[in-house]
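Worksheet: the structure to be examined is printed underneath.
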Amino acid sequence: MRDLGAGFGYLIKGQRWVGRHGRWFGFGLLPGLITLVLYAAALVGLGYGADNLVTWATPFADDWSSPWLGLLRNTLTVLVFALGLFLAVITFTAVTLLVGQPFYESLSEQVDRTEGGEVPESGLPLWRELWISARDSARILVRVGLYSVLLFALGFIPVVGQTVVPVIGFCVTGYFLAEELTAVALQRRGMVLKDRLALLRGRRMLTLGFGVPLGLAFLVPFVAVFLMPGAVAGATLLARDLVASEDGDEDATPAPYTLDKG
């Protein structure tokens, strides 16, 4: 429980950091706004074209009588749009991080700079950083997809499927969301995906304390846009202390979150 509170504390600290640095908050909003516009346009297009897509995909039903034809195609149209909305929610963060790679790199570096100590730089060209981010995001999405299929199947188990499985699902989402966000700072420190996952596994409850509340908030993409700059800042603070703890600096061990009365 101590680590859960500490993880949530990093989320709050990140939002406070961007609140104190308004220029960087506005700077960090741009990628999320761009991604939101792109997703909104895609969903509007899907909304207009879903019925045509379903009609094209079900030629076998052309001769069906009413009401079965309408029932089939209307149901499939709703399912197609629901699937598109689901994919938009689970990929929004990864796409925003990819679109905003230069923005969030600069934001993360500024957090390191203001907090003191070393300010690592990857030294890689932008195209290389984008390729690594896209590759790692794809690997994470594959992992999330596998867990989603497993949890979907477990969801049919009576009682457990309606209680325990959704909780596990939010934990999985929060864990990998934390990985995506801390990757901005950890990649600058030369850590590859395998090492980053190992680092987060070593402090699993801390990671969940940061990622699960954020994952719940990110279910609403518009909210995600405004929380993203602070989430990157908080993830950078988290990454700094995790790396310091890994290097044996006991003073850097994350402490439980307490309300700042100042």
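Ordered as shown in the structure tokens, chains take letters A, B, and onward, while each chain numbers its residues from 1 and ligands are numbered from 1 in the order shown.
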Exercise. Residues at most 9 Å from Leu154 (chain A), counting only C-alpha atoms, excluding those fewer than 6 positions away in the same chain, as a count of residues only?
Worked result: 3
Exercise. With distances taken over only C-alpha atoms, which of A:Val18, A:Leu237, A:Leu208, A:Leu146 is nearest to Gly116 (chain A)?
Worked result: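 Checking each of A:Val18, A:Leu237, A:Leu208, A:Leu146 against Gly116 (chain A), counting only C-alpha atoms, the winner is A:Leu237.
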Problem set entry | Pick from A:Phe176, A:Lys13, A:Asp51, A:Thr35 nearest to Arg201 (chain A), counting only C-alpha atoms |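 Comparing A:Phe176, A:Lys13, A:Asp51, A:Thr35 against Arg201 (chain A), the winner is A:Phe176.
Residues surrounding region 93-98 of chain A within 9 Å are Pro31, Gly32, Leu33, Ile34, Thr35, Leu36, Phe103, Tyr104, Leu130, Ser133, Ala134, Ser137, Ala138, Leu141, Leu177, Glu180, Leu181, Val184, Phe218, Pro221, Ala224, Val225 and Met228 of chain A [only C-alpha atoms; sequence separation below 5 positions excluded].
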Exercise. Using only C-alpha atoms, which residues sit within 9 Å of Gln110 (chain A) once same-chain residues fewer than 5 positions away are excluded, as an MDAnalysis selection string?
Worked result: chainID A and resid 24 105 115 119 233
For this session: Mind the document's chain letters and residue numbers, and return as an NGL selection string the residues of region 46-229 of chain A that DSSP labels helix (DSSP H, G or I).
Result: :A and (46-57 or 59-61 or 68-99 or 101-115 or 126-154 or 160-188 or 193-202 or 204-217 or 221-229)
Problem set entry | Contacts of Glu121 (chain A) at 12 Å (only C-alpha atoms; same-chain gap of 2+ positions) as JSON, numbers by chain | {"A": [105, 106, 108, 109, 110, 112, 113, 118, 119, 123, 124, 125, 126, 129, 184, 185, 186, 187, 188, 189, 190, 191]}
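Each of A:Thr182, A:Thr207, A:Gln101, A:Thr75 was compared to Trp131 (chain A) using only C-alpha atoms, and A:Gln101 turns out to be the nearest.
Picture a line from CA of Leu107 (chain A) to CA of Phe210 (chain A); it runs 18.6 Å.
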For Tyr10 (chain A), list every protein, DNA or RNA residue within 12 Å, evaluated using only C-alpha atoms, and leave out those in the same chain fewer than 3 positions away; present the list as a short mmCIF file (atom, residue, chain, number, x, y, z; two decimals) with all heavy atoms, in the first residue's frame.
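Below you can see result14.cif, which holds the result:
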data_model
loop_
_atom_site.label_atom_id
_atom_site.label_comp_id
_atom_site.auth_asym_id
_atom_site.auth_seq_id
_atom_site.Cartn_x
_atom_site.Cartn_y
_atom_site.Cartn_z
N ASP A 3 3.67 1.76 -1.58
CA ASP A 3 4.07 2.05 -2.95
C ASP A 3 2.90 2.55 -3.79
O ASP A 3 3.09 3.36 -4.70
CB ASP A 3 4.69 0.80 -3.59
CG ASP A 3 6.21 0.77 -3.39
OD1 ASP A 3 6.75 1.71 -2.77
OD2 ASP A 3 6.84 -0.19 -3.86
N LEU A 4 1.70 2.05 -3.54
CA LEU A 4 0.53 2.53 -4.27
C LEU A 4 0.34 4.03 -4.04
O LEU A 4 0.10 4.80 -4.99
CB LEU A 4 -0.73 1.77 -3.84
CG LEU A 4 -0.93 0.37 -4.40
CD1 LEU A 4 -2.16 -0.28 -3.77
CD2 LEU A 4 -1.08 0.40 -5.93
N GLY A 5 0.45 4.45 -2.78
CA GLY A 5 0.33 5.87 -2.48
C GLY A 5 1.44 6.69 -3.09
O GLY A 5 1.21 7.80 -3.59
N ALA A 6 2.66 6.15 -3.07
CA ALA A 6 3.79 6.86 -3.66
C ALA A 6 3.61 7.01 -5.17
O ALA A 6 3.92 8.05 -5.74
CB ALA A 6 5.09 6.12 -3.35
N GLY A 7 3.11 5.96 -5.82
CA GLY A 7 2.88 6.03 -7.26
C GLY A 7 1.86 7.10 -7.61
O GLY A 7 2.05 7.88 -8.56
N LYS A 13 2.31 15.06 -8.43
CA LYS A 13 3.49 15.93 -8.56
C LYS A 13 3.69 16.38 -10.00
O LYS A 13 4.08 17.53 -10.25
CB LYS A 13 4.74 15.19 -8.08
CG LYS A 13 4.79 14.94 -6.58
CD LYS A 13 5.99 14.07 -6.22
CE LYS A 13 5.98 13.69 -4.75
NZ LYS A 13 7.09 12.76 -4.41
N GLY A 14 3.43 15.49 -10.95
CA GLY A 14 3.57 15.85 -12.35
C GLY A 14 2.58 16.93 -12.76
O GLY A 14 2.94 17.88 -13.48
N GLN A 15 1.34 16.80 -12.30
CA GLN A 15 0.34 17.82 -12.63
C GLN A 15 0.70 19.16 -11.98
O GLN A 15 0.50 20.22 -12.57
CB GLN A 15 -1.05 17.36 -12.17
CG GLN A 15 -1.53 16.05 -12.79
CD GLN A 15 -1.56 16.09 -14.31
OE1 GLN A 15 -1.86 17.11 -14.93
NE2 GLN A 15 -1.25 14.95 -14.93
N ARG A 16 1.24 19.09 -10.76
CA ARG A 16 1.66 20.32 -10.11
C ARG A 16 2.85 20.96 -10.83
O ARG A 16 2.96 22.19 -10.90
CB ARG A 16 2.02 20.03 -8.65
CG ARG A 16 0.81 19.77 -7.76
CD ARG A 16 1.24 19.50 -6.33
NE ARG A 16 0.08 19.42 -5.45
CZ ARG A 16 0.14 19.12 -4.16
NH1 ARG A 16 1.32 18.86 -3.60
NH2 ARG A 16 -0.95 19.06 -3.42
N TRP A 17 3.75 20.11 -11.33
CA TRP A 17 4.92 20.65 -12.03
C TRP A 17 4.49 21.47 -13.24
O TRP A 17 4.96 22.60 -13.43
CB TRP A 17 5.86 19.52 -12.47
CG TRP A 17 7.18 20.02 -12.97
CD1 TRP A 17 8.33 20.18 -12.26
CD2 TRP A 17 7.47 20.46 -14.31
NE1 TRP A 17 9.32 20.68 -13.07
CE2 TRP A 17 8.82 20.88 -14.33
CE3 TRP A 17 6.72 20.55 -15.48
CZ2 TRP A 17 9.44 21.36 -15.47
CZ3 TRP A 17 7.33 21.04 -16.62
CH2 TRP A 17 8.67 21.44 -16.62
N ALA A 178 1.87 3.18 -17.74
CA ALA A 178 3.03 3.70 -17.02
C ALA A 178 4.32 3.42 -17.80
O ALA A 178 5.23 4.26 -17.84
CB ALA A 178 3.11 3.09 -15.62
N THR A 182 6.83 6.42 -18.90
CA THR A 182 8.19 6.48 -18.37
C THR A 182 9.23 6.23 -19.46
O THR A 182 10.40 6.60 -19.29
CB THR A 182 8.39 5.44 -17.23
OG1 THR A 182 8.01 4.15 -17.71
CG2 THR A 182 7.58 5.81 -16.00
N LEU A 206 4.22 0.36 -7.10
CA LEU A 206 4.50 1.77 -7.38
C LEU A 206 4.02 2.12 -8.79
O LEU A 206 3.40 3.17 -9.02
CB LEU A 206 5.99 2.04 -7.24
CG LEU A 206 6.46 3.48 -7.47
CD1 LEU A 206 6.01 4.38 -6.33
CD2 LEU A 206 7.99 3.51 -7.59
N THR A 207 4.32 1.24 -9.72
CA THR A 207 3.91 1.45 -11.12
C THR A 207 2.39 1.48 -11.25
O THR A 207 1.83 2.33 -11.94
CB THR A 207 4.49 0.32 -12.00
OG1 THR A 207 5.92 0.30 -11.86
CG2 THR A 207 4.13 0.54 -13.46
N LEU A 208 1.72 0.56 -10.56
CA LEU A 208 0.26 0.52 -10.62
C LEU A 208 -0.35 1.75 -9.96
O LEU A 208 -1.37 2.28 -10.42
CB LEU A 208 -0.26 -0.75 -9.95
CG LEU A 208 0.05 -2.07 -10.65
CD1 LEU A 208 -0.45 -3.25 -9.83
CD2 LEU A 208 -0.57 -2.10 -12.05
N GLY A 209 0.26 2.22 -8.87
CA GLY A 209 -0.25 3.41 -8.21
C GLY A 209 -0.21 4.63 -9.11
O GLY A 209 -1.06 5.52 -9.00
N PHE A 210 0.76 4.66 -10.01
CA PHE A 210 0.84 5.75 -10.98
C PHE A 210 -0.07 5.51 -12.17
O PHE A 210 -0.81 6.41 -12.61
CB PHE A 210 2.30 5.89 -11.47
CG PHE A 210 2.49 6.95 -12.52
CD1 PHE A 210 2.64 8.27 -12.15
CD2 PHE A 210 2.51 6.63 -13.86
CE1 PHE A 210 2.81 9.27 -13.11
CE2 PHE A 210 2.69 7.60 -14.83
CZ PHE A 210 2.83 8.93 -14.46
N GLY A 211 -0.06 4.29 -12.71
CA GLY A 211 -0.72 4.04 -13.99
C GLY A 211 -2.21 3.79 -13.93
O GLY A 211 -2.95 4.22 -14.83
N PRO A 213 -4.80 4.93 -11.81
CA PRO A 213 -5.66 6.12 -11.79
C PRO A 213 -5.61 6.90 -13.10
O PRO A 213 -6.63 7.42 -13.57
CB PRO A 213 -5.09 6.95 -10.63
CG PRO A 213 -4.34 5.99 -9.79
CD PRO A 213 -3.80 4.96 -10.73
N LEU A 214 -4.41 6.95 -13.69
CA LEU A 214 -4.28 7.66 -14.95
C LEU A 214 -5.02 6.93 -16.06
O LEU A 214 -5.68 7.56 -16.90
CB LEU A 214 -2.79 7.78 -15.31
CG LEU A 214 -2.43 8.77 -16.41
CD1 LEU A 214 -2.87 10.17 -16.04
CD2 LEU A 214 -0.92 8.74 -16.65
N GLY A 230 1.17 16.74 -17.67
CA GLY A 230 1.50 16.41 -16.29
C GLY A 230 1.85 14.95 -16.11
O GLY A 230 2.67 14.60 -15.25
N ALA A 231 1.23 14.08 -16.92
CA ALA A 231 1.55 12.65 -16.85
C ALA A 231 2.99 12.41 -17.28
O ALA A 231 3.71 11.60 -16.67
CB ALA A 231 0.59 11.86 -17.73
N VAL A 232 3.44 13.09 -18.33
CA VAL A 232 4.83 12.95 -18.78
C VAL A 232 5.78 13.49 -17.72
O VAL A 232 6.82 12.89 -17.43
CB VAL A 232 5.03 13.67 -20.13
CG1 VAL A 232 6.51 13.69 -20.52
CG2 VAL A 232 4.21 13.01 -21.23
N ALA A 233 5.42 14.63 -17.13
CA ALA A 233 6.27 15.21 -16.07
C ALA A 233 6.35 14.26 -14.87
O ALA A 233 7.43 14.01 -14.33
CB ALA A 233 5.72 16.57 -15.65
N GLY A 234 5.19 13.72 -14.46
CA GLY A 234 5.18 12.80 -13.33
C GLY A 234 5.94 11.52 -13.62
O GLY A 234 6.64 10.98 -12.75
N ALA A 235 5.81 11.02 -14.86
CA ALA A 235 6.53 9.81 -15.25
C ALA A 235 8.04 10.05 -15.25
O ALA A 235 8.82 9.15 -14.92
CB ALA A 235 6.06 9.35 -16.63
N THR A 236 8.45 11.26 -15.61
CA THR A 236 9.88 11.59 -15.57
C THR A 236 10.39 11.60 -14.14
O THR A 236 11.48 11.07 -13.84
CB THR A 236 10.12 12.96 -16.23
OG1 THR A 236 9.66 12.93 -17.59
CG2 THR A 236 11.60 13.32 -16.21
N LEU A 237 9.61 12.18 -13.24
CA LEU A 237 10.00 12.18 -11.82
C LEU A 237 10.07 10.75 -11.29
O LEU A 237 10.99 10.40 -10.53
CB LEU A 237 8.98 12.99 -11.01
CG LEU A 237 8.91 14.49 -11.32
CD1 LEU A 237 7.72 15.13 -10.60
CD2 LEU A 237 10.20 15.20 -10.94
N LEU A 238 9.10 9.93 -11.68
CA LEU A 238 9.09 8.53 -11.27
C LEU A 238 10.32 7.80 -11.82
O LEU A 238 11.00 7.05 -11.10
CB LEU A 238 7.81 7.86 -11.77
CG LEU A 238 7.69 6.34 -11.60
CD1 LEU A 238 7.80 5.95 -10.13
CD2 LEU A 238 6.38 5.84 -12.18
N ALA A 239 10.61 8.02 -13.10
CA ALA A 239 11.75 7.35 -13.73
C ALA A 239 13.07 7.76 -13.06
O ALA A 239 13.95 6.91 -12.85
CB ALA A 239 11.80 7.70 -15.22
N ARG A 240 13.21 9.04 -12.72
CA ARG A 240 14.43 9.50 -12.05
C ARG A 240 14.67 8.73 -10.76
O ARG A 240 15.78 8.26 -10.50
CB ARG A 240 14.29 11.00 -11.73
CG ARG A 240 14.45 11.94 -12.90
CD ARG A 240 14.05 13.35 -12.51
NE ARG A 240 14.80 13.84 -11.37
CZ ARG A 240 15.96 14.50 -11.45
NH1 ARG A 240 16.50 14.75 -12.63
NH2 ARG A 240 16.58 14.92 -10.36
N ASP A 241 13.62 8.59 -9.95
CA ASP A 241 13.80 7.92 -8.66
C ASP A 241 13.97 6.42 -8.80
O ASP A 241 14.69 5.79 -8.03
CB ASP A 241 12.61 8.24 -7.76
CG ASP A 241 12.65 9.68 -7.24
OD1 ASP A 241 13.70 10.33 -7.39
OD2 ASP A 241 11.63 10.15 -6.69
N LEU A 242 13.29 5.83 -9.79
CA LEU A 242 13.47 4.39 -10.02
C LEU A 242 14.90 4.07 -10.43
O LEU A 242 15.50 3.11 -9.94
CB LEU A 242 12.50 3.91 -11.10
CG LEU A 242 11.05 3.71 -10.68
CD1 LEU A 242 10.19 3.36 -11.89
CD2 LEU A 242 10.92 2.63 -9.62
N PRO A 254 11.30 6.14 -3.41
CA PRO A 254 10.07 6.92 -3.38
C PRO A 254 9.38 6.82 -2.03
O PRO A 254 9.30 5.76 -1.41
CB PRO A 254 9.22 6.28 -4.48
CG PRO A 254 10.20 5.64 -5.39
CD PRO A 254 11.31 5.17 -4.52
N ALA A 255 8.88 7.94 -1.55
CA ALA A 255 8.17 7.99 -0.28
C ALA A 255 6.67 8.05 -0.52
O ALA A 255 6.23 8.42 -1.61
CB ALA A 255 8.61 9.24 0.50
N PRO A 256 5.86 7.68 0.47
CA PRO A 256 4.41 7.73 0.29
C PRO A 256 3.97 9.14 0.00
O PRO A 256 4.56 10.11 0.48
CB PRO A 256 3.88 7.23 1.64
CG PRO A 256 5.02 6.63 2.37
CD PRO A 256 6.25 7.24 1.80
N TYR A 257 2.88 9.26 -0.73
CA TYR A 257 2.37 10.59 -1.07
C TYR A 257 1.59 11.16 0.10
O TYR A 257 0.76 10.50 0.71
CB TYR A 257 1.44 10.52 -2.28
CG TYR A 257 0.77 11.82 -2.57
CD1 TYR A 257 1.52 12.93 -2.97
CD2 TYR A 257 -0.60 11.96 -2.40
CE1 TYR A 257 0.90 14.12 -3.24
CE2 TYR A 257 -1.22 13.17 -2.66
CZ TYR A 257 -0.46 14.25 -3.08
OH TYR A 257 -1.07 15.42 -3.33
N THR A 258 1.87 12.40 0.44
CA THR A 258 1.10 13.10 1.46
C THR A 258 0.67 14.43 0.90
O THR A 258 1.36 15.03 0.08
CB THR A 258 1.93 13.35 2.74
OG1 THR A 258 3.13 14.06 2.38
CG2 THR A 258 2.32 12.03 3.40
N LEU A 259 -0.46 14.92 1.35
CA LEU A 259 -0.97 16.18 0.86
C LEU A 259 -0.06 17.32 1.27
O LEU A 259 0.38 17.40 2.43
CB LEU A 259 -2.39 16.43 1.39
CG LEU A 259 -3.47 15.52 0.84
CD1 LEU A 259 -4.79 15.76 1.58
CD2 LEU A 259 -3.66 15.75 -0.65
#
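Once Leu43 (chain A) and its same-chain neighbours fewer than 3 positions away are set aside, Tyr39, Ala40, Leu46, Gly47, Phe81, Gly84 and Leu85 of chain A remain within 8 Å of it when counting only C-alpha atoms.
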Exercise. Using only C-alpha atoms, which residue out of A:Glu246, A:Gly19, A:Val212, A:Ile140 lies closest to Ile168 (chain A)?
Worked result: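 Closest candidate: A:Val212.
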For this session: Mind giving me the straight-line distance from CA of Glu179 (chain A) to CA of Pro166 (chain A) in Å, one decimal?
Result: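 If I compute the distance from CA of Glu179 (chain A) to CA of Pro166 (chain A), I get 20.1 Å.
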Exercise. To one decimal place, how far is CA of Asp136 (chain A) from CA of Leu193 (chain A) in Å?
Worked result: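 CA of Asp136 (chain A) sits 6.6 Å away from CA of Leu193 (chain A).
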